[in-house]
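A.B. asks: My file is data_25.pdb. It has PDB, C-alpha atoms:
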```
MODEL        1
ATOM      1  CA  MET A 299      37.670  -2.962  42.715
ATOM      2  CA  LEU A 300      36.275  -6.497  42.738
ATOM      3  CA  PHE A 301      32.863  -5.048  43.651
ATOM      4  CA  ARG A 302      32.914  -2.809  40.544
ATOM      5  CA  LEU A 303      33.968  -5.613  38.210
ATOM      6  CA  PHE A 304      31.273  -7.918  39.562
ATOM      7  CA  TYR A 305      28.396  -5.424  39.279
ATOM      8  CA  LEU A 306      29.458  -3.608  36.089
ATOM      9  CA  PRO A 307      27.859  -6.168  33.710
ATOM     10  CA  PHE A 308      24.553  -5.980  35.634
ATOM     11  CA  ILE A 309      24.565  -2.193  35.563
ATOM     12  CA  LEU A 310      25.219  -2.181  31.823
ATOM     13  CA  LEU A 311      22.577  -4.823  31.149
ATOM     14  CA  PHE A 312      19.823  -3.241  33.209
ATOM     15  CA  GLY A 313      20.795   0.267  32.137
ATOM     16  CA  SER A 314      20.374  -0.642  28.463
ATOM     17  CA  LEU A 315      17.070  -2.395  29.189
ATOM     18  CA  GLY A 316      15.786   0.716  30.917
ATOM     19  CA  THR A 317      16.724   2.871  27.945
ATOM     20  CA  GLY A 318      14.927   0.486  25.572
ATOM     21  CA  LEU A 319      11.816   0.450  27.732
ATOM     22  CA  ALA A 320      11.808   4.224  28.011
ATOM     23  CA  GLN A 321      11.900   4.515  24.215
ATOM     24  CA  TYR A 322       9.001   2.069  23.774
ATOM     25  CA  SER A 323       5.729   3.828  23.332
ATOM     26  CA  GLY A 324       2.447   2.025  23.293
ATOM     27  CA  ILE A 325      -1.110   3.045  22.661
ATOM     28  CA  ASN A 326      -2.279   5.709  25.101
ATOM     29  CA  TRP A 327      -5.189   3.745  26.580
ATOM     30  CA  MET A 328      -7.677   5.568  28.776
ATOM     31  CA  SER A 329     -11.151   5.134  30.217
ATOM     32  CA  LEU A 330     -14.234   6.208  28.286
ATOM     33  CA  GLU A 331     -14.805   9.033  30.754
ATOM     34  CA  GLU A 332     -11.219  10.259  30.261
ATOM     35  CA  ALA A 333     -11.580  10.098  26.459
ATOM     36  CA  ILE A 334     -14.816  12.108  26.526
ATOM     37  CA  ALA A 335     -13.168  14.719  28.760
ATOM     38  CA  ALA A 336     -10.173  14.879  26.387
ATOM     39  CA  GLN A 337     -12.536  15.437  23.427
ATOM     40  CA  LYS A 338     -13.634  18.715  25.027
ATOM     41  CA  GLU A 339     -10.035  20.000  24.902
ATOM     42  CA  GLU A 340      -9.063  18.480  21.549
ATOM     43  CA  PRO A 341     -11.847  16.908  19.455
ATOM     44  CA  ARG A 342     -10.937  13.472  18.074
ATOM     45  CA  LYS A 343     -12.797  10.290  17.419
ATOM     46  CA  ILE A 344     -12.690   7.494  19.994
ATOM     47  CA  VAL A 345     -11.956   3.848  19.297
ATOM     48  CA  MET A 346     -12.885   1.464  22.111
ATOM     49  CA  ASP A 347     -11.451  -2.036  22.315
ATOM     50  CA  VAL A 348     -14.171  -4.134  23.968
ATOM     51  CA  TYR A 349     -12.592  -7.354  25.218
ATOM     52  CA  THR A 350     -12.862 -10.019  27.909
ATOM     53  CA  GLN A 351     -10.197 -11.713  30.030
ATOM     54  CA  TRP A 352     -10.932 -15.186  28.600
ATOM     55  CA  CYS A 353     -11.094 -14.173  24.905
ATOM     56  CA  GLY A 354      -8.276 -15.728  22.853
ATOM     57  CA  PRO A 355      -8.677 -13.427  19.805
ATOM     58  CA  CYS A 356      -8.693 -10.420  22.178
ATOM     59  CA  LYS A 357      -5.321 -11.505  23.561
ATOM     60  CA  MET A 358      -4.005 -12.069  20.030
ATOM     61  CA  MET A 359      -5.119  -8.582  19.014
ATOM     62  CA  MET A 360      -3.397  -7.075  22.033
ATOM     63  CA  ARG A 361      -0.214  -9.025  21.279
ATOM     64  CA  ASN A 362      -0.148  -8.816  17.453
ATOM     65  CA  THR A 363      -2.102  -5.711  16.426
ATOM     66  CA  PHE A 364      -1.903  -3.170  19.227
ATOM     67  CA  THR A 365       1.890  -3.574  19.382
ATOM     68  CA  SER A 366       2.387  -2.638  15.708
ATOM     69  CA  GLU A 367       4.360   0.607  15.465
ATOM     70  CA  ASP A 368       2.091   1.741  12.623
ATOM     71  CA  VAL A 369      -1.079   1.083  14.635
ATOM     72  CA  ILE A 370       0.352   2.754  17.735
ATOM     73  CA  ALA A 371       1.431   5.881  15.861
ATOM     74  CA  TYR A 372      -1.840   6.245  13.935
ATOM     75  CA  MET A 373      -4.121   5.618  16.898
ATOM     76  CA  ASN A 374      -2.207   7.961  19.197
ATOM     77  CA  ALA A 375      -2.231  10.737  16.576
ATOM     78  CA  ASN A 376      -5.867  10.424  15.457
ATOM     79  CA  TYR A 377      -7.959   8.778  18.189
ATOM     80  CA  TYR A 378      -8.523   8.558  21.875
ATOM     81  CA  ALA A 379      -8.074   4.859  22.584
ATOM     82  CA  VAL A 380     -10.236   3.170  25.218
ATOM     83  CA  LYS A 381      -9.912  -0.362  26.602
ATOM     84  CA  PHE A 382     -13.088  -1.742  28.103
ATOM     85  CA  ASP A 383     -13.472  -5.147  29.763
ATOM     86  CA  ALA A 384     -17.007  -6.212  28.787
ATOM     87  CA  GLU A 385     -17.324  -8.210  32.008
ATOM     88  CA  SER A 386     -15.915  -5.586  34.371
ATOM     89  CA  PRO A 387     -17.676  -4.825  37.661
ATOM     90  CA  ASP A 388     -16.747  -1.124  37.422
ATOM     91  CA  PRO A 389     -19.483   1.435  36.729
ATOM     92  CA  VAL A 390     -19.083   3.603  33.604
ATOM     93  CA  THR A 391     -20.908   6.844  32.912
ATOM     94  CA  TYR A 392     -21.770   7.523  29.265
ATOM     95  CA  GLN A 393     -24.190  10.122  27.933
ATOM     96  CA  GLY A 394     -25.480  10.946  31.397
ATOM     97  CA  LYS A 395     -26.270   7.352  32.363
ATOM     98  CA  THR A 396     -24.274   5.118  34.679
ATOM     99  CA  PHE A 397     -23.874   1.571  33.389
ATOM    100  CA  THR A 398     -22.989  -1.288  35.733
ATOM    101  CA  ASN A 399     -22.657  -5.042  35.742
ATOM    102  CA  PRO A 400     -25.276  -6.126  38.302
ATOM    103  CA  GLY A 401     -24.749  -9.830  37.595
ATOM    104  CA  TRP A 402     -20.993  -9.730  38.110
ATOM    105  CA  ASN A 403     -19.774 -12.609  40.235
ATOM    106  CA  PRO A 404     -16.386 -12.095  41.922
ATOM    107  CA  ASN A 405     -16.010 -15.880  42.281
ATOM    108  CA  ALA A 406     -16.753 -16.740  38.648
ATOM    109  CA  ARG A 407     -14.138 -18.812  36.860
ATOM    110  CA  GLY A 408     -13.853 -17.999  33.174
ATOM    111  CA  ARG A 409     -16.829 -16.110  31.799
ATOM    112  CA  ASN A 410     -18.764 -13.617  33.864
ATOM    113  CA  SER A 411     -21.885 -11.549  33.223
ATOM    114  CA  THR A 412     -21.888  -8.883  30.520
ATOM    115  CA  HIS A 413     -21.600  -5.222  31.475
ATOM    116  CA  GLU A 414     -24.636  -3.067  30.630
ATOM    117  CA  LEU A 415     -22.449  -0.690  28.601
ATOM    118  CA  SER A 416     -21.342  -3.511  26.348
ATOM    119  CA  ARG A 417     -24.966  -4.262  25.494
ATOM    120  CA  ALA A 418     -25.799  -0.561  25.041
ATOM    121  CA  LEU A 419     -22.957  -0.270  22.510
ATOM    122  CA  GLY A 420     -24.305  -3.175  20.459
ATOM    123  CA  VAL A 421     -21.415  -5.514  21.235
ATOM    124  CA  ASN A 422     -22.286  -9.149  20.498
ATOM    125  CA  ALA A 423     -18.822 -10.700  20.107
ATOM    126  CA  TYR A 424     -15.262 -10.220  21.332
ATOM    127  CA  PRO A 425     -13.141  -8.469  20.427
ATOM    128  CA  THR A 426     -15.215  -5.601  19.076
ATOM    129  CA  LEU A 427     -13.908  -2.154  18.246
ATOM    130  CA  VAL A 428     -16.520   0.522  18.807
ATOM    131  CA  TYR A 429     -15.955   3.787  16.959
ATOM    132  CA  PHE A 430     -17.338   7.081  18.296
ATOM    133  CA  ASP A 431     -17.405  10.502  16.649
ATOM    134  CA  GLU A 432     -15.908  13.684  18.126
ATOM    135  CA  LYS A 433     -18.999  14.147  20.306
ATOM    136  CA  ALA A 434     -18.823  10.587  21.695
ATOM    137  CA  THR A 435     -21.792   9.386  19.643
ATOM    138  CA  ILE A 436     -21.504   5.779  18.503
ATOM    139  CA  ILE A 437     -20.603   5.411  14.826
ATOM    140  CA  ALA A 438     -20.344   1.628  14.633
ATOM    141  CA  PRO A 439     -19.253  -1.492  16.490
ATOM    142  CA  ILE A 440     -16.925  -3.604  14.312
ATOM    143  CA  PRO A 441     -16.552  -7.161  15.644
ATOM    144  CA  GLY A 442     -13.669  -9.560  15.185
ATOM    145  CA  TYR A 443      -9.925  -9.915  15.343
ATOM    146  CA  LYS A 444      -8.074  -7.523  13.024
ATOM    147  CA  THR A 445      -4.484  -7.633  11.834
ATOM    148  CA  PRO A 446      -2.687  -4.276  11.527
ATOM    149  CA  PRO A 447      -3.515  -3.925   7.779
ATOM    150  CA  GLN A 448      -7.157  -4.901   8.396
ATOM    151  CA  LEU A 449      -7.435  -2.436  11.277
ATOM    152  CA  GLU A 450      -5.788   0.284   9.195
ATOM    153  CA  MET A 451      -8.685   0.240   6.740
ATOM    154  CA  TYR A 452     -11.218   1.024   9.484
ATOM    155  CA  LEU A 453      -9.025   3.508  11.347
ATOM    156  CA  LYS A 454      -8.410   5.538   8.197
ATOM    157  CA  PHE A 455     -11.983   5.273   6.944
ATOM    158  CA  PHE A 456     -13.485   6.702  10.127
ATOM    159  CA  VAL A 457     -10.909   9.529  10.263
ATOM    160  CA  ASN A 458     -10.723  10.461   6.561
ATOM    161  CA  GLN A 459     -13.890   9.286   4.801
ATOM    162  CA  PHE A 460     -16.699   8.907   7.298
ATOM    163  CA  GLU A 461     -19.687  11.246   7.152
ATOM    164  CA  PRO A 462     -22.806  10.698   9.305
ATOM    165  CA  ASN A 463     -25.000   9.512   6.428
ATOM    166  CA  VAL A 464     -22.411   7.552   4.487
ATOM    167  CA  GLN A 465     -24.031   5.058   2.137
ATOM    168  CA  GLN A 466     -23.162   1.357   1.942
ATOM    169  CA  ALA A 467     -21.970   1.792  -1.659
ATOM    170  CA  GLU A 468     -19.463   4.454  -0.554
ATOM    171  CA  TRP A 469     -18.088   2.143   2.141
ATOM    172  CA  GLU A 470     -17.824  -0.745  -0.328
ATOM    173  CA  ALA A 471     -15.993   1.416  -2.874
ATOM    174  CA  TYR A 472     -13.560   2.530  -0.177
ATOM    175  CA  ARG A 473     -13.055  -1.036   1.093
ATOM    176  CA  ASN A 474     -12.545  -2.449  -2.423
ATOM    177  CA  SER A 475      -9.955   0.185  -3.391
ATOM    178  CA  PHE A 476      -8.109   0.367  -0.079
ATOM    179  CA  VAL A 477      -4.405  -0.507  -0.184
ATOM    180  CA  PRO A 478      -2.931  -1.024   3.306
ATOM    181  CA  SER A 479       0.489   0.231   4.306
ATOM    182  CA  PHE A 480       0.632  -0.917   7.953
ATOM    183  CA  GLN A 481       2.947  -3.807   8.760
TER     184      GLN A 481
ENDMDL
END
```
In structure tokens, how does this file's structure come out?

C.D. replies:
Amino acid sequence: MLFRLFYLPFILLFGSLGTGLAQYSGINWMSLEEAIAAQKEEPRKIVMDVYTQWCGPCKMMMRNTFTSEDVIAYMNANYYAVKFDAESPDPVTYQGKTFTNPGWNPNARGRNSTHELSRALGVNAYPTLVYFDEKATIIAPIPGYKTPPQLEMYLKFFVNQFEPNVQQAEWEAYRNSFVPSFQ
């Protein structure tokens, strides 16, 4: 009896934590190769978060933006989401070419060399979100930290408004009239 009374609070505490964690759903991150394979089954655009381990705004975006329920729900419903460490040593195959990081130093402290894929995607700053169409062709790299309402504008534009030859004036009209709803 004493055993039950002693452990009952722990069971209740950890049991309720487990239920809360099971109900939490985050962004369904995958590799670029997995996203491209998924596009063959169900065509969707891809959004790739290009980040580095040392990047403060990247960490803020992960903590403040990618945990927003609105962002999570919209990205999971409309995109294949890819996380890509721009200084990773891992090879990545994209459009029939394997990209590597030949200058990667396993003993580097802080910054490391830039992955070839990051350069091929036109990434010049971190974080950068790279948008791809349903055939994994690059649409645009968009640099900088984004809050959920700022990210919403891009997410919805590329899903609902984007056409391959969209003109700057069309983008500006969309941007100037956009009213965010994400929290």

A.B. asks: In terms of the shortest atom-to-atom distance over all atoms listed in the file, which of A:Phe397, A:Phe455, A:Trp352, A:Phe430 is closest to A:His413?

C.D. replies: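 Checking each of A:Phe397, A:Phe455, A:Trp352, A:Phe430 against A:His413, counting all atoms listed in the file, the winner is A:Phe397.
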
A.B. asks: Give the answer as one residue: which of A:Lys343, A:Lys444, A:Lys454, A:Arg473 has the shortest atom-to-atom distance to A:Lys357, using all atoms listed in the file?

C.D. replies: A:Lys444

A.B. asks: Pick out the closest residue to A:Arg342 from this set: A:Pro462, A:Arg407, A:Arg417, A:Tyr377. Count only C-alpha atoms.

C.D. replies: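 Looking at the shortest contact to A:Arg342, the residue is A:Tyr377.
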
A.B. asks: Select, from A:Asp347, A:Glu468, A:Glu385, A:Glu432, the residue with the minimum atom-to-atom distance to A:Ala335, counting all atoms listed in the file.

C.D. replies: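 Answer, going by the shortest atom-to-atom distance: A:Glu432.
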
A.B. asks: Evaluate the PyMOL selection byres ((chain A and resi 479-481) around 7) and record the selected residues as a ChimeraX atom specification, following the chain and residue labels used in the document.

C.D. replies: /A:368,446-447,450,477-478
